[in-house]
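S.K.: Contents of target-v5.txt (compact mmCIF, C-alpha atoms and all ligand atoms) are given next:
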```
# COMPACT_ATOMS: atom_id res chain seq x y z
CA MET X 268 37.82 78.45 -57.55
CA ILE X 269 38.71 74.81 -58.18
CA TYR X 270 35.82 72.35 -58.14
CA LEU X 271 36.84 68.94 -56.75
CA ASP X 272 33.43 67.77 -55.58
CA TYR X 273 32.12 65.96 -58.66
CA ASN X 274 30.77 63.15 -56.49
CA ALA X 275 28.33 65.61 -54.91
CA THR X 276 27.14 66.87 -58.27
CA THR X 277 28.43 67.76 -61.71
CA PRO X 278 27.66 70.74 -63.92
CA CYS X 279 25.42 70.05 -66.89
CA ASP X 280 27.49 69.52 -70.01
CA PRO X 281 26.78 72.39 -72.45
CA ALA X 282 25.63 69.81 -75.01
CA VAL X 283 23.10 68.53 -72.47
CA VAL X 284 21.72 72.02 -71.92
CA GLU X 285 21.50 72.52 -75.67
CA ALA X 286 19.58 69.25 -76.11
CA MET X 287 17.15 70.19 -73.34
CA LEU X 288 16.36 73.77 -74.35
CA PRO X 289 13.74 73.17 -77.07
CA TYR X 290 11.76 70.99 -74.65
CA PHE X 291 11.14 73.94 -72.34
CA SER X 292 9.55 76.03 -75.07
CA VAL X 293 8.73 74.96 -78.62
CA LYS X 294 8.59 71.25 -77.76
CA PHE X 295 6.76 71.83 -74.50
CA GLY X 296 4.08 69.15 -74.97
CA ASN X 297 2.94 66.63 -72.39
CA ALA X 298 4.45 63.29 -73.38
CA ALA X 299 1.20 61.62 -72.36
CA SER X 300 -0.91 63.68 -74.79
CA LYS X 301 -1.78 61.18 -77.50
CA THR X 302 -4.13 63.34 -79.55
CA HIS X 303 -1.83 65.94 -81.13
CA PRO X 304 1.73 66.57 -82.33
CA TYR X 305 2.72 68.54 -79.21
CA GLY X 306 2.38 65.34 -77.23
CA TRP X 307 3.93 63.14 -79.92
CA ILE X 308 7.00 65.34 -80.20
CA ALA X 309 7.56 65.37 -76.43
CA ASP X 310 7.02 61.61 -76.37
CA GLU X 311 9.61 61.14 -79.14
CA GLY X 312 12.15 63.02 -77.00
CA VAL X 313 11.37 60.78 -74.03
CA GLU X 314 11.55 57.56 -76.03
CA GLN X 315 14.83 58.58 -77.64
CA ALA X 316 16.27 59.23 -74.17
CA ARG X 317 14.98 55.84 -73.00
CA LYS X 318 16.90 54.17 -75.84
CA GLN X 319 20.03 56.22 -75.16
CA LEU X 320 20.02 55.27 -71.49
CA ALA X 321 19.31 51.61 -72.30
CA VAL X 322 22.47 51.55 -74.45
CA LEU X 323 24.52 52.83 -71.51
CA LEU X 324 23.30 49.96 -69.30
CA LYS X 325 23.00 47.32 -72.08
CA ALA X 326 19.35 47.02 -71.17
CA GLU X 327 16.12 47.17 -73.19
CA PRO X 328 14.40 50.56 -73.45
CA GLN X 329 11.23 49.06 -71.94
CA GLU X 330 13.23 48.24 -68.81
CA ILE X 331 13.87 51.93 -68.02
CA VAL X 332 11.57 53.90 -65.72
CA PHE X 333 12.27 57.60 -65.30
CA THR X 334 12.28 59.01 -61.77
CA SER X 335 13.21 62.25 -60.04
CA GLY X 336 16.64 60.88 -59.15
CA ALA X 337 18.41 58.09 -57.34
CA THR X 338 16.79 58.77 -53.98
CA GLU X 339 13.39 58.12 -55.49
CA GLY X 340 14.81 55.16 -57.41
CA CYS X 341 16.20 53.58 -54.23
CA ASN X 342 12.87 54.13 -52.47
CA LEU X 343 10.94 52.54 -55.34
CA ALA X 344 13.33 49.58 -55.55
CA LEU X 345 13.35 48.77 -51.83
CA LYS X 346 9.76 49.61 -50.91
CA GLY X 347 8.46 48.30 -54.21
CA VAL X 348 10.10 44.89 -53.72
CA TYR X 349 9.17 44.74 -50.04
CA GLU X 350 5.50 45.31 -50.73
CA MET X 351 5.35 43.11 -53.82
CA TYR X 352 7.20 40.07 -52.49
CA ALA X 353 5.64 39.97 -49.01
CA ALA X 354 4.41 36.42 -49.66
CA LYS X 355 8.00 35.22 -50.08
CA GLY X 356 9.47 36.99 -47.07
CA LYS X 357 10.52 40.21 -45.45
CA HIS X 358 14.29 39.87 -45.22
CA ILE X 359 16.56 42.31 -47.05
CA ILE X 360 20.37 42.24 -47.12
CA THR X 361 22.25 45.49 -47.55
CA VAL X 362 25.60 46.99 -46.52
CA ALA X 363 26.62 49.39 -43.76
CA THR X 364 28.34 51.72 -46.26
CA GLU X 365 25.34 52.34 -48.53
CA HIS X 366 24.10 55.83 -49.30
CA LYS X 367 21.42 57.22 -46.96
CA ALA X 368 18.90 56.83 -49.77
CA VAL X 369 19.21 53.09 -49.16
CA LEU X 370 19.97 53.03 -45.43
CA ASP X 371 17.18 55.41 -44.39
CA THR X 372 14.71 53.57 -46.61
CA CYS X 373 15.71 50.26 -45.00
CA ARG X 374 15.25 51.83 -41.58
CA GLN X 375 11.77 52.92 -42.60
CA LEU X 376 10.94 49.41 -43.84
CA GLU X 377 12.16 48.01 -40.55
CA ARG X 378 9.48 50.04 -38.78
CA LYS X 379 6.96 48.31 -41.04
CA GLY X 380 8.20 44.85 -40.14
CA ALA X 381 11.12 44.22 -42.49
CA GLU X 382 14.18 42.36 -41.23
CA ILE X 383 17.36 43.98 -42.45
CA THR X 384 20.85 42.50 -42.43
CA ARG X 385 23.53 45.15 -42.82
CA LEU X 386 26.75 43.52 -43.99
CA GLU X 387 29.99 44.83 -42.54
CA VAL X 388 32.88 45.83 -44.78
CA ASN X 389 36.60 45.33 -44.26
CA GLU X 390 39.06 48.17 -43.74
CA ASP X 391 39.18 48.57 -47.52
CA GLY X 392 35.45 49.16 -47.74
CA LEU X 393 34.71 45.86 -49.52
CA ILE X 394 32.08 43.32 -48.52
CA ASP X 395 32.95 39.68 -47.94
CA LEU X 396 31.10 37.35 -50.35
CA ASP X 397 31.12 34.47 -47.87
CA GLN X 398 29.35 36.70 -45.36
CA LEU X 399 26.83 37.59 -48.03
CA VAL X 400 26.09 33.93 -48.77
CA THR X 401 25.78 33.17 -45.06
CA ALA X 402 23.29 36.02 -44.67
CA ILE X 403 20.92 34.67 -47.36
CA ARG X 404 17.81 33.02 -45.86
CA PRO X 405 14.80 31.28 -47.40
CA ASP X 406 12.79 34.46 -46.77
CA THR X 407 15.38 36.84 -48.28
CA ILE X 408 13.70 38.89 -51.00
CA LEU X 409 16.40 41.39 -51.95
CA ILE X 410 20.13 42.02 -51.87
CA ALA X 411 20.92 45.75 -52.12
CA VAL X 412 24.59 46.57 -52.68
CA MET X 413 25.83 49.80 -54.21
CA TYR X 414 28.01 49.70 -57.32
CA ALA X 415 30.58 52.26 -56.18
CA ASN X 416 30.74 54.21 -52.95
CA ASN X 417 30.22 57.96 -53.08
CA GLU X 418 32.75 58.76 -50.33
CA THR X 419 35.62 56.42 -51.20
CA GLY X 420 34.92 55.37 -54.79
CA VAL X 421 35.34 51.72 -53.74
CA ILE X 422 33.69 49.36 -56.25
CA GLN X 423 31.92 46.29 -54.89
CA PRO X 424 32.21 42.94 -56.75
CA ILE X 425 28.94 43.46 -58.59
CA ALA X 426 29.12 40.54 -61.04
CA ALA X 427 29.95 38.10 -58.24
CA ILE X 428 27.08 39.42 -56.12
CA GLY X 429 24.74 39.13 -59.09
CA ARG X 430 25.77 35.53 -59.65
CA LEU X 431 25.22 34.62 -55.98
CA ALA X 432 21.86 36.38 -55.87
CA ARG X 433 20.71 34.53 -58.99
CA GLU X 434 21.93 31.17 -57.66
CA HIS X 435 19.86 31.70 -54.54
CA GLY X 436 16.81 33.05 -56.34
CA VAL X 437 17.07 36.45 -54.65
CA LEU X 438 16.61 39.76 -56.48
CA PHE X 439 19.66 42.03 -56.74
CA PHE X 440 19.37 45.82 -56.61
CA THR X 441 22.37 48.09 -57.06
CA ASP X 442 22.55 51.82 -56.44
CA ALA X 443 24.82 52.69 -59.36
CA THR X 444 24.56 56.46 -58.95
CA GLN X 445 28.31 56.98 -58.72
CA ALA X 446 29.28 54.43 -61.35
CA ALA X 447 26.74 55.11 -64.10
CA GLY X 448 28.24 56.98 -67.02
CA LYS X 449 31.75 56.34 -65.74
CA LEU X 450 32.20 52.56 -65.73
CA PRO X 451 31.12 50.28 -68.56
CA MET X 452 27.92 48.68 -67.39
CA ASP X 453 26.09 45.54 -68.44
CA VAL X 454 23.04 44.52 -66.44
CA HIS X 455 22.94 41.08 -68.08
CA HIS X 456 26.57 40.21 -67.54
CA ASP X 457 26.33 41.46 -63.96
CA GLN X 458 22.91 39.80 -63.42
CA VAL X 459 21.53 42.98 -61.94
CA ASP X 460 17.74 42.99 -61.52
CA ILE X 461 17.19 46.63 -60.50
CA LEU X 462 19.58 49.58 -60.84
CA ALA X 463 19.22 53.21 -59.78
CA LEU X 464 20.99 56.28 -61.16
CA SER X 465 20.77 60.07 -61.12
CA ALA X 466 21.49 62.33 -64.11
CA HIS X 467 23.27 65.10 -62.20
CA LYS X 468 26.11 62.78 -61.16
CA PHE X 469 27.18 62.42 -64.78
CA TYR X 470 26.71 65.84 -66.38
CA GLY X 471 22.93 65.72 -66.72
CA PRO X 472 20.40 67.91 -64.93
CA LYS X 473 19.32 67.65 -61.29
CA GLY X 474 15.95 66.24 -60.34
CA VAL X 475 15.89 63.44 -62.89
CA GLY X 476 17.08 59.86 -62.81
CA ALA X 477 16.06 56.37 -63.77
CA LEU X 478 15.47 52.90 -62.47
CA TYR X 479 16.36 49.87 -64.55
CA ILE X 480 13.83 47.12 -63.84
CA ARG X 481 14.51 43.68 -65.40
CA ARG X 482 11.70 42.45 -67.63
CA ARG X 483 12.60 38.80 -68.04
CA ASP X 484 14.55 35.98 -66.35
CA PRO X 485 13.23 36.99 -63.90
CA ARG X 486 10.53 39.58 -64.53
CA VAL X 487 10.80 41.99 -61.60
CA ARG X 488 7.58 43.32 -60.13
CA LEU X 489 7.49 46.42 -57.95
CA MET X 490 4.68 48.04 -56.04
CA ALA X 491 4.42 51.61 -57.31
CA GLN X 492 5.09 54.26 -54.69
CA ILE X 493 3.47 57.11 -56.61
CA ASP X 494 0.01 56.50 -58.04
CA GLY X 495 -1.99 58.61 -60.42
CA GLY X 496 -2.30 58.17 -64.14
CA GLY X 497 -0.21 55.07 -64.72
CA HIS X 498 2.73 56.74 -66.46
CA GLU X 499 5.90 54.71 -66.94
CA ARG X 500 3.92 51.46 -67.20
CA GLY X 501 2.38 52.12 -63.81
CA PHE X 502 5.73 52.10 -61.99
CA ARG X 503 5.83 55.86 -61.55
CA SER X 504 2.90 58.12 -62.23
CA GLY X 505 3.12 61.83 -62.88
CA THR X 506 3.71 64.03 -65.91
CA LEU X 507 7.16 63.29 -67.24
CA ASN X 508 9.96 65.80 -66.81
CA VAL X 509 10.57 65.89 -70.56
CA PRO X 510 13.49 68.37 -70.66
CA GLY X 511 15.19 66.57 -67.79
CA ILE X 512 14.71 63.17 -69.38
CA VAL X 513 16.06 64.44 -72.71
CA GLY X 514 19.07 65.80 -70.80
CA LEU X 515 19.59 62.45 -69.11
CA GLY X 516 19.56 60.72 -72.50
CA LYS X 517 22.10 63.17 -73.90
CA ALA X 518 24.30 62.74 -70.83
CA ALA X 519 24.26 58.98 -71.43
CA VAL X 520 25.37 59.47 -75.04
CA LEU X 521 28.20 61.80 -74.01
CA ALA X 522 29.32 59.36 -71.31
CA MET X 523 29.58 56.58 -73.87
CA ASP X 524 31.95 58.33 -76.21
CA ASN X 525 35.49 58.03 -75.02
CA MET X 526 34.56 56.58 -71.62
CA THR X 527 37.84 54.66 -71.40
CA GLY X 528 39.98 57.59 -72.49
CA GLU X 529 38.29 59.94 -70.05
CA GLN X 530 38.72 57.47 -67.19
CA GLU X 531 42.43 57.21 -68.03
CA ARG X 532 42.79 60.99 -68.06
CA LEU X 533 41.08 61.26 -64.67
CA ARG X 534 43.09 58.38 -63.22
CA ARG X 535 46.35 60.02 -64.24
CA MET X 536 45.38 63.31 -62.59
CA ARG X 537 43.92 61.60 -59.49
CA ASP X 538 47.02 59.46 -59.06
CA HIS X 539 49.28 62.49 -59.37
CA LEU X 540 47.18 64.39 -56.82
CA GLU X 541 47.12 61.44 -54.46
CA ARG X 542 50.81 60.64 -54.77
CA SER X 543 51.72 64.26 -54.13
CA LEU X 544 49.54 64.52 -51.02
CA LEU X 545 50.78 61.16 -49.74
CA GLY X 546 54.16 62.87 -49.60
CA LEU X 547 52.86 64.72 -46.54
CA GLU X 548 53.86 62.76 -43.48
CA GLY X 549 51.20 60.48 -42.03
CA THR X 550 48.78 60.82 -44.93
CA VAL X 551 46.80 57.70 -45.89
CA VAL X 552 44.27 56.69 -48.53
CA ASN X 553 40.91 55.42 -47.28
CA GLY X 554 39.44 52.51 -49.22
CA ASN X 555 40.80 49.86 -51.54
CA LYS X 556 43.17 51.45 -54.03
CA GLU X 557 42.64 48.98 -56.87
CA GLN X 558 38.87 48.35 -56.72
CA ARG X 559 38.12 52.04 -56.96
CA MET X 560 36.70 54.68 -59.30
CA ALA X 561 39.42 56.52 -61.21
CA HIS X 562 38.35 60.06 -60.32
CA VAL X 563 38.13 60.05 -56.54
CA THR X 564 40.48 59.91 -53.59
CA ASN X 565 39.55 59.87 -49.93
CA LEU X 566 42.53 60.88 -47.80
CA SER X 567 43.23 61.34 -44.12
CA PHE X 568 45.93 63.67 -42.88
CA ALA X 569 47.64 63.09 -39.55
CA HIS X 570 46.79 65.51 -36.74
CA VAL X 571 44.67 67.77 -38.95
CA LYS X 572 40.89 67.91 -38.77
CA ALA X 573 39.15 68.02 -42.12
CA GLU X 574 36.89 70.81 -40.85
CA ARG X 575 39.95 72.93 -40.42
CA LEU X 576 41.07 72.32 -44.00
CA ILE X 577 37.62 73.23 -45.26
CA ALA X 578 37.66 76.46 -43.29
CA ALA X 579 41.08 77.37 -44.65
CA LEU X 580 40.47 76.36 -48.26
CA ASN X 581 36.80 76.66 -49.14
CA SER X 582 37.16 79.94 -50.92
CA GLN X 583 39.69 78.37 -53.26
CA ILE X 584 38.85 74.67 -53.54
CA ALA X 585 35.45 72.99 -53.33
CA PHE X 586 35.69 69.54 -51.77
CA SER X 587 33.92 67.65 -49.05
CA VAL X 588 34.42 65.94 -45.73
CA GLY X 589 32.82 62.86 -44.25
CA SER X 590 29.17 62.50 -45.08
CA ALA X 591 28.70 66.10 -46.18
CA CYS X 592 27.19 65.13 -49.50
CA THR X 593 24.82 62.53 -48.19
CA SER X 594 22.85 64.47 -45.65
CA ALA X 595 22.19 67.72 -43.94
CA SER X 596 23.54 66.25 -40.71
CA LYS X 597 27.04 66.77 -39.44
CA GLU X 598 27.66 63.27 -38.15
CA PRO X 599 31.03 61.74 -38.89
CA SER X 600 31.06 59.57 -41.98
CA HIS X 601 29.15 56.30 -41.47
CA VAL X 602 31.13 54.89 -44.38
CA LEU X 603 34.53 55.42 -42.79
CA ALA X 604 33.13 54.34 -39.41
CA ALA X 605 31.94 51.06 -40.97
CA MET X 606 35.49 50.59 -42.28
CA ALA X 607 36.59 50.85 -38.63
CA LEU X 608 39.23 53.44 -39.43
CA GLY X 609 39.30 55.06 -36.02
CA ASP X 610 38.25 58.48 -34.88
CA GLY X 611 41.35 60.47 -35.82
CA ARG X 612 41.46 59.09 -39.32
CA ILE X 613 37.74 59.72 -39.83
CA LYS X 614 37.92 63.30 -38.57
CA GLY X 615 40.98 63.94 -40.70
CA SER X 616 39.43 62.68 -43.91
CA ILE X 617 38.58 64.62 -47.04
CA ARG X 618 37.16 63.56 -50.36
CA LEU X 619 38.51 64.99 -53.59
CA SER X 620 36.58 64.05 -56.70
CA LEU X 621 37.59 65.07 -60.21
CA GLY X 622 35.54 65.28 -63.36
CA ARG X 623 35.12 66.20 -67.00
CA PHE X 624 36.14 69.83 -66.58
CA THR X 625 39.09 69.28 -64.24
CA THR X 626 42.41 70.40 -65.72
CA GLU X 627 46.01 69.49 -64.94
CA ALA X 628 46.67 73.11 -63.99
CA GLU X 629 43.88 72.93 -61.41
CA ILE X 630 45.34 69.76 -59.94
CA GLU X 631 48.79 71.36 -59.65
CA HIS X 632 47.25 74.37 -57.97
CA ALA X 633 45.22 72.17 -55.58
CA ILE X 634 48.30 70.14 -54.62
CA GLY X 635 50.09 73.35 -53.68
CA LEU X 636 47.22 74.80 -51.69
CA ILE X 637 46.30 71.63 -49.79
CA GLY X 638 49.93 70.74 -49.12
CA GLU X 639 50.68 74.17 -47.73
CA THR X 640 47.57 74.20 -45.54
CA VAL X 641 48.17 70.71 -44.14
CA ARG X 642 51.82 71.43 -43.39
CA SER X 643 51.09 74.64 -41.57
CA ALA X 644 48.26 73.03 -39.60
CA GLN X 645 50.58 70.17 -38.61
CA MET X 646 53.23 72.56 -37.31
CA VAL X 647 51.02 73.96 -34.55
C1 LIG G 1 23.96 61.19 -55.05
C2 LIG G 1 23.66 59.78 -54.66
C3 LIG G 1 22.34 59.35 -54.41
C4 LIG G 1 21.18 60.29 -54.41
O1 LIG G 1 20.97 60.91 -55.62
P1 LIG G 1 19.89 62.09 -55.71
O2 LIG G 1 20.12 62.69 -57.03
O3 LIG G 1 20.18 63.02 -54.58
O4 LIG G 1 18.54 61.48 -55.54
C5 LIG G 1 22.15 58.03 -54.11
N1 LIG G 1 23.17 57.16 -54.05
C6 LIG G 1 24.44 57.52 -54.28
C7 LIG G 1 25.52 56.51 -54.24
C8 LIG G 1 24.72 58.84 -54.61
O5 LIG G 1 25.99 59.21 -54.82
```
The structure given in the file should be rewritten as structure tokens.
Ligand SMILES: *Cc1c(COP(=O)(O)O)cnc(C)c1O

M.R.:
Amino acid sequence: MIYLDYNATTPCDPAVVEAMLPYFSVKFGNAASKTHPYGWIADEGVEQARKQLAVLLKAEPQEIVFTSGATEGCNLALKGVYEMYAAKGKHIITVATEHKAVLDTCRQLERKGAEITRLEVNEDGLIDLDQLVTAIRPDTILIAVMYANNETGVIQPIAAIGRLAREHGVLFFTDATQAAGKLPMDVHHDQVDILALSAHKFYGPKGVGALYIRRRDPRVRLMAQIDGGGHERGFRSGTLNVPGIVGLGKAAVLAMDNMTGEQERLRRMRDHLERSLLGLEGTVVNGNKEQRMAHVTNLSFAHVKAERLIAALNSQIAFSVGSACTSASKEPSHVLAAMALGDGRIKGSIRLSLGRFTTEAEIEHAIGLIGETVRSAQMV
């Protein structure tokens, strides 16, 4: 079996598992227990992870709040800003190609009175900065634009968006779940005010993530969405998932060493895979090819439905179609639809995402299998 669905989730790195293990048993303390060493030791693990993650984002440790993942992080960012900045306004700008964690949360806020502008993207999946500026109003409280798209890998112009948001005095939130641990990140350079990520997208465990919340220039305030005990400086109550948080910290450390080299290795394999499959007549790449994560390709094959490829190949290659990773629903991809790619191209699209444990031999094998399947499907 060849795993080419790293954008859906990644396996825990063995070093992450090793770092976590003691925190299930011998170091099992509650990080909030201040009266004995069990608590202190657990707390040390948490605070070390907070520092490790801060390094990855070039943030301060005190600006990190641990969550159960990016879905919770997106909810806290959007709902937390909406409730806290009600006096300023109720207008939020986001993008049609965001993850459901953002889009569904915006929909929910709309029911509570929020006004949402959903920016369109061009055929490449990129937003237009002039349209963003035009959309900003005096009552705009938040701009929410994802760092990199989970289906296409397309990277939005984050630093430019951050600059515009700052110029207009609007907070900027980015869902960086696909980019964190893969692209060098700097919340100050990019003028990001809030950033969400999930450990399991970069070789950490599932069910744990973090929200970066800027502490100064400006100090971001958020209304907590989970109350009870005041953990995480009141932003997110509940006993901390100490093993998970330790795993997230370790994943951040692993991501930092040789990030550039690993991205080059993945880009080489991805490009080879893509070039080979583009040799099949009528095959096209979906999304901007330059402004894109190195490990992912979203391709459409002519006259072949992706569902058919899945049926033929899913005992040999794990990959995904359309919005498979974002929801339990079977709707065609809202991302590709927003790129106005047309029905045939959307239905014929697959996403192949590579990762740390992908080998060249696997890529060769996948090229053969996919090529063969597409060709035979196109003959009938
Ligand atoms: C995976 C993903 C999420 C959700 O992460 P969870 O771990 O499921 O909470 C949010 N946004 C993007 C871009 C993602 O890829």

S.K.: Find the spatial neighbours of Ala522 in chain X, counting all atoms listed in the file, within a cut-off of 10 Å - ignore same-chain residues fewer than 2 positions away - and output them as a list in words.

M.R.: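 Near Ala522 in chain X, the qualifying residues are Leu323, Ala447, Gly448, Lys449, Leu450, Pro451, Phe469, Tyr470, Gly516, Lys517, Ala518, Ala519, Val520, Asp524, Asn525, Met526, Thr527, Glu529 and Arg623 of chain X.
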
S.K.: Write the residues of the preceding selection, restricted to C-alpha atoms, as an mmCIF file, in the coordinates of the input.

M.R.:
```cif
data_model
loop_
_atom_site.group_PDB
_atom_site.id
_atom_site.type_symbol
_atom_site.label_atom_id
_atom_site.label_comp_id
_atom_site.auth_asym_id
_atom_site.auth_seq_id
_atom_site.Cartn_x
_atom_site.Cartn_y
_atom_site.Cartn_z
ATOM 1 C CA LEU X 323 24.520 52.830 -71.510
ATOM 2 C CA ALA X 447 26.740 55.110 -64.100
ATOM 3 C CA GLY X 448 28.240 56.980 -67.020
ATOM 4 C CA LYS X 449 31.750 56.340 -65.740
ATOM 5 C CA LEU X 450 32.200 52.560 -65.730
ATOM 6 C CA PRO X 451 31.120 50.280 -68.560
ATOM 7 C CA PHE X 469 27.180 62.420 -64.780
ATOM 8 C CA TYR X 470 26.710 65.840 -66.380
ATOM 9 C CA GLY X 516 19.560 60.720 -72.500
ATOM 10 C CA LYS X 517 22.100 63.170 -73.900
ATOM 11 C CA ALA X 518 24.300 62.740 -70.830
ATOM 12 C CA ALA X 519 24.260 58.980 -71.430
ATOM 13 C CA VAL X 520 25.370 59.470 -75.040
ATOM 14 C CA ASP X 524 31.950 58.330 -76.210
ATOM 15 C CA ASN X 525 35.490 58.030 -75.020
ATOM 16 C CA MET X 526 34.560 56.580 -71.620
ATOM 17 C CA THR X 527 37.840 54.660 -71.400
ATOM 18 C CA GLU X 529 38.290 59.940 -70.050
ATOM 19 C CA ARG X 623 35.120 66.200 -67.000
#
```

S.K.: Let me have all residues with an atom within 6 Å of ligand LIG 1 (chain G), counting all atoms listed in the file, laid out as a list in words.

M.R.: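 Counting all atoms listed in the file, the residues within 6 Å of ligand LIG 1 (chain G) come out as Gly336, Ala337, Thr338, His366, Ala368, Asn416, Asn417, Asp442, Thr444, Gln445 and Ser465 of chain X.
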
S.K.: Just the residues within 6 Å of range 331-334 of chain X, please, counting only C-alpha atoms, with nothing from its chain fewer than 2 positions along; format it as a list of chain:residue names.

M.R.: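 The filter keeps X:Pro328, X:Gln329, X:Gly336, X:Val475, X:Gly476, X:Ala477, X:Leu478, X:Tyr479, X:Glu499.
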
S.K.: Show me, as a PyMOL selection string, the residues that have an atom within 9 Å of range 401-413 of chain X when counting only C-alpha atoms, minus same-chain residues fewer than 3 positions from it.

M.R.: chain X and resi 345+348-349+352-353+355-362+364-366+369+384+386+396-398+416+422-423+425+428+432+435-445

S.K.: Suppose you want the space between CA of Cys341 in chain X and CA of Ala463 in chain X; what is it in Å?

M.R.: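 These atoms are spaced 6.3 Å apart.
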
S.K.: Calculate how many Å separate CA of Leu376 in chain X from CA of Leu343 in chain X, rounding to one decimal.

M.R.: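 According to the coordinates, CA of Leu376 in chain X and CA of Leu343 in chain X are separated by 11.9 Å.
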
S.K.: Within 12 Å of Glu557 in chain X, counting all atoms listed in the file, which residues show up once you throw out same-chain ones fewer than 4 positions away? Write them as an mmCIF file with C-alpha atoms, in the coordinates of the input, please.

M.R.:
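Produced file result_23.cif, reproduced below:
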```cif
data_model
loop_
_atom_site.group_PDB
_atom_site.id
_atom_site.type_symbol
_atom_site.label_atom_id
_atom_site.label_comp_id
_atom_site.auth_asym_id
_atom_site.auth_seq_id
_atom_site.Cartn_x
_atom_site.Cartn_y
_atom_site.Cartn_z
ATOM 1 C CA ASP X 391 39.180 48.570 -47.520
ATOM 2 C CA GLY X 392 35.450 49.160 -47.740
ATOM 3 C CA LEU X 393 34.710 45.860 -49.520
ATOM 4 C CA THR X 419 35.620 56.420 -51.200
ATOM 5 C CA GLY X 420 34.920 55.370 -54.790
ATOM 6 C CA VAL X 421 35.340 51.720 -53.740
ATOM 7 C CA ILE X 422 33.690 49.360 -56.250
ATOM 8 C CA GLN X 423 31.920 46.290 -54.890
ATOM 9 C CA ARG X 534 43.090 58.380 -63.220
ATOM 10 C CA ASP X 538 47.020 59.460 -59.060
ATOM 11 C CA VAL X 552 44.270 56.690 -48.530
ATOM 12 C CA ASN X 553 40.910 55.420 -47.280
ATOM 13 C CA ALA X 561 39.420 56.520 -61.210
ATOM 14 C CA VAL X 563 38.130 60.050 -56.540
ATOM 15 C CA THR X 564 40.480 59.910 -53.590
#
```

S.K.: In terms of the shortest atom-to-atom distance over all atoms listed in the file, which of X:Val513, X:Met536, X:Ile269, X:Val602 is closest to Phe291 in chain X?

M.R.: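 Looking only at the distances to Phe291 in chain X, the closest residue turns out to be X:Val513.
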
S.K.: Env of Ala363 in chain X: 8 Å cut, atoms = all atoms listed in the file, seq-sep filter 6 positions within chain, self excluded. Answer as a PDB file with C-alpha atoms, in the coordinates of the input.

M.R.:
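Writing done, so here's selection.pdb:
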```pdb
ATOM      1  CA  LEU X 370      19.970  53.030 -45.430  1.00  0.00           C
ATOM      2  CA  ARG X 385      23.530  45.150 -42.820  1.00  0.00           C
ATOM      3  CA  LEU X 386      26.750  43.520 -43.990  1.00  0.00           C
ATOM      4  CA  GLU X 387      29.990  44.830 -42.540  1.00  0.00           C
ATOM      5  CA  VAL X 388      32.880  45.830 -44.780  1.00  0.00           C
ATOM      6  CA  HIS X 601      29.150  56.300 -41.470  1.00  0.00           C
ATOM      7  CA  VAL X 602      31.130  54.890 -44.380  1.00  0.00           C
ATOM      8  CA  ALA X 605      31.940  51.060 -40.970  1.00  0.00           C
TER       9      ALA X 605
END
```

S.K.: Please compute the CA of Asn342 in chain X-CA of Ser300 in chain X distance, one decimal, in Å.

M.R.: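 One can read the CA of Asn342 in chain X to CA of Ser300 in chain X distance as 27.9 Å.
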
S.K.: Counting only C-alpha atoms, figure out which residue out of X:Val313, X:Ala286, X:Val293, X:Ile617 gets nearest to Ile584 in chain X.

M.R.: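 Once distances to Ile584 in chain X are computed over only C-alpha atoms, the minimum belongs to X:Ile617.
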
S.K.: Using all atoms listed in the file, pick whichever of X:Ala604, X:Ala326, X:Met287, X:Ile577 has the shortest atom-to-atom distance to Leu636 in chain X.

M.R.: X:Ile577

S.K.: Of the candidates X:Val509, X:Val641, X:Leu462, X:Val588, which one gets nearest to Asp310 in chain X if we count all atoms listed in the file?

M.R.: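 Under the stated criterion, the closest residue is X:Val509.
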
S.K.: Hey, which of X:Leu324, X:Leu566, X:Met523, X:Leu544 ends up closest to Arg481 in chain X? Count only C-alpha atoms.

M.R.: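 Closest residue, counting only C-alpha atoms: X:Leu324.
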
S.K.: Ranking X:Pro472, X:Pro510, X:Pro485, X:Gly554 by minimum distance to Gly296 in chain X and counting all atoms listed in the file, which one comes first?

M.R.: X:Pro510
